[in-house]
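Participant: This is query.pdb, which holds PDB, C-alpha atoms:
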ATOM      1  CA  MET P  21     -16.483  11.285  -4.804  1.00  0.00           C
ATOM      2  CA  ALA P  22     -14.042   9.163  -6.822  1.00  0.00           C
ATOM      3  CA  LYS P  23     -15.463   6.047  -8.404  1.00  0.00           C
ATOM      4  CA  GLN P  24     -14.469   2.922  -6.509  1.00  0.00           C
ATOM      5  CA  LYS P  25     -12.168   0.507  -8.340  1.00  0.00           C
ATOM      6  CA  LEU P  26     -13.705  -2.877  -9.051  1.00  0.00           C
ATOM      7  CA  ALA P  27     -11.965  -6.233  -9.204  1.00  0.00           C
ATOM      8  CA  ARG P  28     -13.205  -9.330 -10.977  1.00  0.00           C
ATOM      9  CA  ILE P  29     -13.190 -12.724  -9.246  1.00  0.00           C
ATOM     10  CA  SER P  30     -14.249 -16.168 -10.333  1.00  0.00           C
ATOM     11  CA  ILE P  31     -15.771 -18.779  -8.041  1.00  0.00           C
ATOM     12  CA  THR P  32     -16.876 -22.346  -8.503  1.00  0.00           C
ATOM     13  CA  VAL P  33     -20.014 -23.510  -6.673  1.00  0.00           C
ATOM     14  CA  PRO P  34     -22.297 -26.531  -6.834  1.00  0.00           C
ATOM     15  CA  GLU P  35     -25.148 -26.196  -9.337  1.00  0.00           C
ATOM     16  CA  THR P  36     -27.714 -26.367  -6.539  1.00  0.00           C
ATOM     17  CA  THR P  37     -26.059 -23.383  -4.850  1.00  0.00           C
ATOM     18  CA  LEU P  38     -26.090 -21.443  -8.112  1.00  0.00           C
ATOM     19  CA  SER P  39     -29.781 -22.265  -8.617  1.00  0.00           C
ATOM     20  CA  ALA P  40     -30.543 -21.058  -5.081  1.00  0.00           C
ATOM     21  CA  LEU P  41     -28.582 -17.860  -5.726  1.00  0.00           C
ATOM     22  CA  ASP P  42     -30.415 -17.236  -8.987  1.00  0.00           C
ATOM     23  CA  GLN P  43     -33.744 -17.694  -7.190  1.00  0.00           C
ATOM     24  CA  LYS P  44     -32.644 -15.230  -4.481  1.00  0.00           C
ATOM     25  CA  ILE P  45     -31.759 -12.723  -7.213  1.00  0.00           C
ATOM     26  CA  VAL P  46     -35.279 -12.994  -8.603  1.00  0.00           C
ATOM     27  CA  ASP P  47     -37.021 -12.975  -5.194  1.00  0.00           C
ATOM     28  CA  GLN P  48     -35.079  -9.996  -3.838  1.00  0.00           C
ATOM     29  CA  HIS P  49     -34.863  -8.051  -7.120  1.00  0.00           C
ATOM     30  CA  TYR P  50     -31.079  -7.891  -7.375  1.00  0.00           C
ATOM     31  CA  GLU P  51     -29.802  -6.599 -10.690  1.00  0.00           C
ATOM     32  CA  SER P  52     -27.119  -9.270 -11.023  1.00  0.00           C
ATOM     33  CA  ARG P  53     -25.310 -12.145  -9.363  1.00  0.00           C
ATOM     34  CA  SER P  54     -22.473  -9.759  -8.565  1.00  0.00           C
ATOM     35  CA  GLN P  55     -24.806  -7.426  -6.684  1.00  0.00           C
ATOM     36  CA  ALA P  56     -26.328 -10.302  -4.685  1.00  0.00           C
ATOM     37  CA  ILE P  57     -22.941 -11.786  -3.786  1.00  0.00           C
ATOM     38  CA  LEU P  58     -21.546  -8.370  -2.837  1.00  0.00           C
ATOM     39  CA  ASP P  59     -24.542  -7.789  -0.545  1.00  0.00           C
ATOM     40  CA  MET P  60     -23.992 -11.169   1.138  1.00  0.00           C
ATOM     41  CA  ILE P  61     -20.274 -10.478   1.627  1.00  0.00           C
ATOM     42  CA  ASN P  62     -21.001  -7.040   3.077  1.00  0.00           C
ATOM     43  CA  ARG P  63     -23.564  -8.474   5.504  1.00  0.00           C
ATOM     44  CA  HIS P  64     -21.001 -11.039   6.648  1.00  0.00           C
ATOM     45  CA  LEU P  65     -18.342  -8.343   7.146  1.00  0.00           C
ATOM     46  CA  ILE P  66     -20.804  -6.168   9.103  1.00  0.00           C
ATOM     47  CA  ASP P  67     -21.587  -9.151  11.349  1.00  0.00           C
ATOM     48  CA  ASP P  68     -17.851  -9.572  11.995  1.00  0.00           C
ATOM     49  CA  LEU P  69     -17.508  -5.895  12.948  1.00  0.00           C
ATOM     50  CA  ALA P  70     -20.433  -6.236  15.341  1.00  0.00           C
ATOM     51  CA  LYS P  71     -18.922  -9.364  16.910  1.00  0.00           C
ATOM     52  CA  ASN P  72     -15.616  -7.519  17.361  1.00  0.00           C
ATOM     53  CA  ASP P  73     -17.448  -4.723  19.201  1.00  0.00           C
ATOM     54  CA  GLU P  74     -16.486  -2.001  16.722  1.00  0.00           C
ATOM     55  CA  VAL P  75     -17.978   1.492  16.665  1.00  0.00           C
ATOM     56  CA  MET P  76     -20.852   1.376  14.207  1.00  0.00           C
ATOM     57  CA  VAL P  77     -23.874   3.353  13.119  1.00  0.00           C
ATOM     58  CA  GLY P  78     -27.347   1.867  13.226  1.00  0.00           C
ATOM     59  CA  THR P  79     -31.051   2.443  13.127  1.00  0.00           C
ATOM     60  CA  LEU P  80     -33.456   1.226  15.756  1.00  0.00           C
ATOM     61  CA  THR P  81     -36.991   0.935  14.424  1.00  0.00           C
ATOM     62  CA  LEU P  82     -39.834   0.657  16.930  1.00  0.00           C
ATOM     63  CA  LEU P  83     -43.558   0.158  16.485  1.00  0.00           C
ATOM     64  CA  TYR P  84     -45.422   0.925  19.671  1.00  0.00           C
ATOM     65  CA  ASP P  85     -48.826   1.545  21.209  1.00  0.00           C
ATOM     66  CA  VAL P  86     -49.002   5.205  22.182  1.00  0.00           C
ATOM     67  CA  SER P  87     -52.171   4.697  24.253  1.00  0.00           C
ATOM     68  CA  LEU P  88     -50.007   3.359  27.087  1.00  0.00           C
ATOM     69  CA  LYS P  89     -49.215   6.689  28.761  1.00  0.00           C
ATOM     70  CA  PRO P  90     -46.129   5.623  30.769  1.00  0.00           C
ATOM     71  CA  LEU P  91     -44.477   4.429  27.547  1.00  0.00           C
ATOM     72  CA  ARG P  92     -43.978   7.945  26.159  1.00  0.00           C
ATOM     73  CA  THR P  93     -42.120   9.021  29.297  1.00  0.00           C
ATOM     74  CA  GLN P  94     -40.052   5.826  29.358  1.00  0.00           C
ATOM     75  CA  LEU P  95     -38.999   6.302  25.724  1.00  0.00           C
ATOM     76  CA  VAL P  96     -37.952   9.910  26.326  1.00  0.00           C
ATOM     77  CA  ASP P  97     -36.124   8.982  29.540  1.00  0.00           C
ATOM     78  CA  LEU P  98     -34.162   6.230  27.764  1.00  0.00           C
ATOM     79  CA  GLN P  99     -33.250   8.567  24.915  1.00  0.00           C
ATOM     80  CA  GLN P 100     -31.967  11.124  27.402  1.00  0.00           C
ATOM     81  CA  GLN P 101     -30.069   8.436  29.316  1.00  0.00           C
ATOM     82  CA  TYR P 102     -28.285   7.441  26.107  1.00  0.00           C
ATOM     83  CA  LEU P 103     -27.887  10.900  24.600  1.00  0.00           C
ATOM     84  CA  ALA P 104     -24.355  10.091  23.387  1.00  0.00           C
ATOM     85  CA  GLN P 105     -25.586   7.085  21.380  1.00  0.00           C
ATOM     86  CA  VAL P 106     -29.046   8.232  20.215  1.00  0.00           C
ATOM     87  CA  ILE P 107     -28.159  10.879  17.634  1.00  0.00           C
ATOM     88  CA  SER P 108     -31.591  11.572  16.186  1.00  0.00           C
ATOM     89  CA  SER P 109     -35.152  10.335  16.371  1.00  0.00           C
ATOM     90  CA  LEU P 110     -38.149  10.509  14.067  1.00  0.00           C
ATOM     91  CA  HIS P 111     -41.630   9.324  14.852  1.00  0.00           C
ATOM     92  CA  ILE P 112     -44.821   9.253  12.888  1.00  0.00           C
ATOM     93  CA  GLN P 113     -48.369   8.539  14.057  1.00  0.00           C
ATOM     94  CA  LEU P 114     -49.674   5.620  11.959  1.00  0.00           C
ATOM     95  CA  ASP P 115     -53.181   5.512  13.414  1.00  0.00           C
ATOM     96  CA  ASP P 116     -54.945   6.422  16.653  1.00  0.00           C
ATOM     97  CA  ASN P 117     -52.740   4.140  18.757  1.00  0.00           C
ATOM     98  CA  LYS P 118     -49.679   3.123  16.748  1.00  0.00           C
ATOM     99  CA  VAL P 119     -46.476   5.105  16.325  1.00  0.00           C
ATOM    100  CA  LEU P 120     -43.467   4.191  14.182  1.00  0.00           C
ATOM    101  CA  GLN P 121     -40.213   5.575  15.560  1.00  0.00           C
ATOM    102  CA  VAL P 122     -36.768   5.390  13.973  1.00  0.00           C
ATOM    103  CA  MET P 123     -33.667   6.321  15.962  1.00  0.00           C
ATOM    104  CA  LEU P 124     -30.258   6.946  14.454  1.00  0.00           C
ATOM    105  CA  MET P 125     -27.606   5.593  16.790  1.00  0.00           C
ATOM    106  CA  GLN P 126     -23.826   5.359  16.935  1.00  0.00           C
ATOM    107  CA  GLY P 127     -21.507   3.572  19.316  1.00  0.00           C
ATOM    108  CA  VAL P 128     -19.834   0.306  20.149  1.00  0.00           C
ATOM    109  CA  SER P 129     -21.964  -2.511  18.734  1.00  0.00           C
ATOM    110  CA  SER P 130     -22.511  -4.252  22.079  1.00  0.00           C
ATOM    111  CA  ASP P 131     -23.735  -0.966  23.603  1.00  0.00           C
ATOM    112  CA  LEU P 132     -26.115  -0.362  20.703  1.00  0.00           C
ATOM    113  CA  LYS P 133     -27.517  -3.881  21.040  1.00  0.00           C
ATOM    114  CA  ALA P 134     -27.982  -3.514  24.808  1.00  0.00           C
ATOM    115  CA  ILE P 135     -29.559  -0.056  24.508  1.00  0.00           C
ATOM    116  CA  SER P 136     -31.866  -1.247  21.733  1.00  0.00           C
ATOM    117  CA  GLN P 137     -32.990  -4.193  23.819  1.00  0.00           C
ATOM    118  CA  GLN P 138     -33.980  -1.805  26.617  1.00  0.00           C
ATOM    119  CA  PHE P 139     -36.239   0.087  24.193  1.00  0.00           C
ATOM    120  CA  ILE P 140     -37.674  -3.094  22.659  1.00  0.00           C
ATOM    121  CA  ALA P 141     -38.447  -4.605  26.085  1.00  0.00           C
ATOM    122  CA  LEU P 142     -40.660  -1.692  27.178  1.00  0.00           C
ATOM    123  CA  LYS P 143     -44.310  -2.582  27.737  1.00  0.00           C
ATOM    124  CA  GLY P 144     -46.256  -1.303  24.744  1.00  0.00           C
ATOM    125  CA  VAL P 145     -43.515  -1.818  22.172  1.00  0.00           C
ATOM    126  CA  ILE P 146     -45.052  -4.096  19.556  1.00  0.00           C
ATOM    127  CA  LYS P 147     -41.964  -4.645  17.397  1.00  0.00           C
ATOM    128  CA  GLY P 148     -38.389  -3.472  17.400  1.00  0.00           C
ATOM    129  CA  HIS P 149     -35.362  -4.045  15.188  1.00  0.00           C
ATOM    130  CA  LEU P 150     -31.771  -2.792  15.243  1.00  0.00           C
ATOM    131  CA  GLU P 151     -29.917  -2.621  11.913  1.00  0.00           C
ATOM    132  CA  LEU P 152     -26.164  -2.031  12.179  1.00  0.00           C
ATOM    133  CA  MET P 153     -23.999  -0.620   9.379  1.00  0.00           C
ATOM    134  CA  ASP P 154     -20.250  -0.547   8.818  1.00  0.00           C
ATOM    135  CA  ALA P 155     -20.054   3.220   8.900  1.00  0.00           C
ATOM    136  CA  VAL P 156     -19.317   5.973  11.369  1.00  0.00           C
ATOM    137  CA  MET P 157     -20.763   9.467  11.328  1.00  0.00           C
ATOM    138  CA  PRO P 158     -18.455  12.439  11.397  1.00  0.00           C
ATOM    139  CA  PRO P 159     -18.198  14.154  14.782  1.00  0.00           C
ATOM    140  CA  ILE P 160     -21.057  16.502  15.547  1.00  0.00           C
ATOM    141  CA  ALA P 161     -19.940  20.044  16.350  1.00  0.00           C
ATOM    142  CA  GLN P 162     -20.924  20.977  19.902  1.00  0.00           C
ATOM    143  CA  ASN P 163     -21.811  24.445  21.062  1.00  0.00           C
ATOM    144  CA  THR P 164     -19.121  25.673  23.417  1.00  0.00           C
TER
END
As structure tokens - that is how I would like this structure written.
Facilitator:
Amino acid sequence: MAKQKLARISITVPETTLSALDQKIVDQHYESRSQAILDMINRHLIDDLAKNDEVMVGTLTLLYDVSLKPLRTQLVDLQQQYLAQVISSLHIQLDDNKVLQVMLMQGVSSDLKAISQQFIALKGVIKGHLELMDAVMPPIAQNT
């Protein structure tokens, strides 16, 4: 892949803002101010894409209690209902009762948010989080 061209910019900010940025760099282990600012800009642009209901890729991470028997069936049923959006799923047993599941999803951002909320709202789901990215997967070849 060709190396992306970089452009240099200069900005002027209040000293208190710069101090807060420098603290964020330390706290979040950024390598430089440029890296931290680029990450913030990218997050803002991703939020704009989501607000504009663009097609995006995302991960839905769920932590749930597997001892609730109906939950397994509900999770599978929802995945089958949204087969076009739920591309892949991985789950790992953390202990006797807890499972961590990560689903790779693609679709219009509002659909992904609504679908994710259906998973998160299931009884037995302890935590859930959808992370959207400004990317789209290539089409998956279908058996014909």
Participant: So, counting all atoms listed in the file, which residue among P:Ser108, P:Ser129, P:Ser87, P:Thr32 is closest to Asp73 of chain P?
Facilitator: P:Ser129
Participant: Just so the selection is clear, what residues does the PyMOL selection byres ((chain P and resi 118-127) around 9) cover here, as a PDB file with C-alpha atoms, keeping the file's coordinate frame?
Facilitator:
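Written file, out.pdb:
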ATOM      1  CA  GLU P  74     -16.486  -2.001  16.722  1.00  0.00           C
ATOM      2  CA  VAL P  75     -17.978   1.492  16.665  1.00  0.00           C
ATOM      3  CA  MET P  76     -20.852   1.376  14.207  1.00  0.00           C
ATOM      4  CA  VAL P  77     -23.874   3.353  13.119  1.00  0.00           C
ATOM      5  CA  GLY P  78     -27.347   1.867  13.226  1.00  0.00           C
ATOM      6  CA  THR P  79     -31.051   2.443  13.127  1.00  0.00           C
ATOM      7  CA  LEU P  80     -33.456   1.226  15.756  1.00  0.00           C
ATOM      8  CA  THR P  81     -36.991   0.935  14.424  1.00  0.00           C
ATOM      9  CA  LEU P  82     -39.834   0.657  16.930  1.00  0.00           C
ATOM     10  CA  LEU P  83     -43.558   0.158  16.485  1.00  0.00           C
ATOM     11  CA  TYR P  84     -45.422   0.925  19.671  1.00  0.00           C
ATOM     12  CA  ASP P  85     -48.826   1.545  21.209  1.00  0.00           C
ATOM     13  CA  VAL P  86     -49.002   5.205  22.182  1.00  0.00           C
ATOM     14  CA  SER P  87     -52.171   4.697  24.253  1.00  0.00           C
ATOM     15  CA  ALA P 104     -24.355  10.091  23.387  1.00  0.00           C
ATOM     16  CA  GLN P 105     -25.586   7.085  21.380  1.00  0.00           C
ATOM     17  CA  VAL P 106     -29.046   8.232  20.215  1.00  0.00           C
ATOM     18  CA  ILE P 107     -28.159  10.879  17.634  1.00  0.00           C
ATOM     19  CA  SER P 108     -31.591  11.572  16.186  1.00  0.00           C
ATOM     20  CA  SER P 109     -35.152  10.335  16.371  1.00  0.00           C
ATOM     21  CA  LEU P 110     -38.149  10.509  14.067  1.00  0.00           C
ATOM     22  CA  HIS P 111     -41.630   9.324  14.852  1.00  0.00           C
ATOM     23  CA  ILE P 112     -44.821   9.253  12.888  1.00  0.00           C
ATOM     24  CA  GLN P 113     -48.369   8.539  14.057  1.00  0.00           C
ATOM     25  CA  LEU P 114     -49.674   5.620  11.959  1.00  0.00           C
ATOM     26  CA  ASP P 115     -53.181   5.512  13.414  1.00  0.00           C
ATOM     27  CA  ASP P 116     -54.945   6.422  16.653  1.00  0.00           C
ATOM     28  CA  ASN P 117     -52.740   4.140  18.757  1.00  0.00           C
ATOM     29  CA  VAL P 128     -19.834   0.306  20.149  1.00  0.00           C
ATOM     30  CA  SER P 129     -21.964  -2.511  18.734  1.00  0.00           C
ATOM     31  CA  SER P 130     -22.511  -4.252  22.079  1.00  0.00           C
ATOM     32  CA  ASP P 131     -23.735  -0.966  23.603  1.00  0.00           C
ATOM     33  CA  LEU P 132     -26.115  -0.362  20.703  1.00  0.00           C
ATOM     34  CA  VAL P 156     -19.317   5.973  11.369  1.00  0.00           C
ATOM     35  CA  MET P 157     -20.763   9.467  11.328  1.00  0.00           C
TER      36      MET P 157
END
Participant: Leaving out segment 137-140 of chain P and any residue of its chain fewer than 4 positions from it, which residues lie within 8 Å of it when counting only C-alpha atoms, given as an NGL selection string?
Facilitator: :P and (82 or 95 or 98 or 133 or 145 or 147-149)
Participant: For Leu103 of chain P, which residue among P:Lys25, P:Val33, P:Ile135, P:Gln43 is the nearest when counting only C-alpha atoms?
Facilitator: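 Going through P:Lys25, P:Val33, P:Ile135, P:Gln43 one by one, the smallest distance to Leu103 of chain P is for P:Ile135.
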Participant: What's the separation between atom CA of Ala70 of chain P and atom CA of Gln24 of chain P, in Å to one decimal place?
Facilitator: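 Going from atom CA of Ala70 of chain P over to atom CA of Gln24 of chain P covers 24.4 Å.
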Participant: What's the separation between atom CA of Arg28 of chain P and atom CA of Ser54 of chain P, in Å to one decimal place?
Facilitator: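 Interatomic distance here is 9.6 Å.
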Participant: Mind giving me the straight-line distance from atom CA of Val46 of chain P to atom CA of Asp59 of chain P in Å, one decimal?
Facilitator: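 Atom CA of Asp59 of chain P lies at a distance of 14.4 Å from atom CA of Val46 of chain P.
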Participant: Taking all listed atoms of segment 86-94 of chain P, build the axis-aligned box, pad each of the six sides by 5 Å, then write its centre and edge lengths in Å to one decimal as AutoDock Vina command-line options.
Facilitator:
--center_x -46.1 --center_y 6.2 --center_z 26.5 --size_x 22.1 --size_y 15.7 --size_z 18.6
Participant: Would you fill out segment 61-81 of chain P with N, CA and C atoms and return it as a compact mmCIF listing (two decimals), keeping the file's coordinate frame?
Facilitator:
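Result written to part.txt:
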# COMPACT_ATOMS: atom_id res chain seq x y z
N ILE P 61 -21.61 -10.69 1.05
CA ILE P 61 -20.27 -10.48 1.63
C ILE P 61 -20.30 -9.31 2.60
N ASN P 62 -20.93 -8.21 2.20
CA ASN P 62 -21.00 -7.04 3.08
C ASN P 62 -21.74 -7.35 4.37
N ARG P 63 -22.83 -8.09 4.29
CA ARG P 63 -23.56 -8.47 5.50
C ARG P 63 -22.68 -9.31 6.43
N HIS P 64 -21.91 -10.20 5.86
CA HIS P 64 -21.00 -11.04 6.65
C HIS P 64 -19.93 -10.18 7.32
N LEU P 65 -19.37 -9.23 6.59
CA LEU P 65 -18.34 -8.34 7.15
C LEU P 65 -18.92 -7.45 8.25
N ILE P 66 -20.15 -6.98 8.07
CA ILE P 66 -20.80 -6.17 9.10
C ILE P 66 -21.01 -7.01 10.36
N ASP P 67 -21.42 -8.26 10.20
CA ASP P 67 -21.59 -9.15 11.35
C ASP P 67 -20.26 -9.33 12.10
N ASP P 68 -19.17 -9.45 11.36
CA ASP P 68 -17.85 -9.57 12.00
C ASP P 68 -17.50 -8.33 12.79
N LEU P 69 -17.77 -7.14 12.23
CA LEU P 69 -17.51 -5.90 12.95
C LEU P 69 -18.32 -5.84 14.24
N ALA P 70 -19.58 -6.25 14.15
CA ALA P 70 -20.43 -6.24 15.34
C ALA P 70 -19.91 -7.21 16.40
N LYS P 71 -19.47 -8.37 15.96
CA LYS P 71 -18.92 -9.36 16.91
C LYS P 71 -17.64 -8.87 17.55
N ASN P 72 -16.87 -8.06 16.83
CA ASN P 72 -15.62 -7.52 17.36
C ASN P 72 -15.82 -6.23 18.15
N ASP P 73 -17.08 -5.87 18.37
CA ASP P 73 -17.45 -4.72 19.20
C ASP P 73 -16.88 -3.41 18.67
N GLU P 74 -16.96 -3.23 17.36
CA GLU P 74 -16.49 -2.00 16.72
C GLU P 74 -17.51 -0.88 16.88
N VAL P 75 -17.07 0.36 16.71
CA VAL P 75 -17.98 1.49 16.66
C VAL P 75 -18.71 1.43 15.32
N MET P 76 -20.03 1.50 15.40
CA MET P 76 -20.85 1.38 14.21
C MET P 76 -22.00 2.38 14.28
N VAL P 77 -22.67 2.55 13.17
CA VAL P 77 -23.87 3.35 13.12
C VAL P 77 -25.04 2.40 12.89
N GLY P 78 -26.20 2.75 13.40
CA GLY P 78 -27.35 1.87 13.23
C GLY P 78 -28.65 2.62 13.33
N THR P 79 -29.70 1.91 12.94
CA THR P 79 -31.05 2.44 13.13
C THR P 79 -31.83 1.46 13.99
N LEU P 80 -32.53 2.02 14.94
CA LEU P 80 -33.46 1.23 15.76
C LEU P 80 -34.86 1.63 15.34
N THR P 81 -35.62 0.68 14.85
CA THR P 81 -36.99 0.94 14.42
C THR P 81 -37.93 0.32 15.44
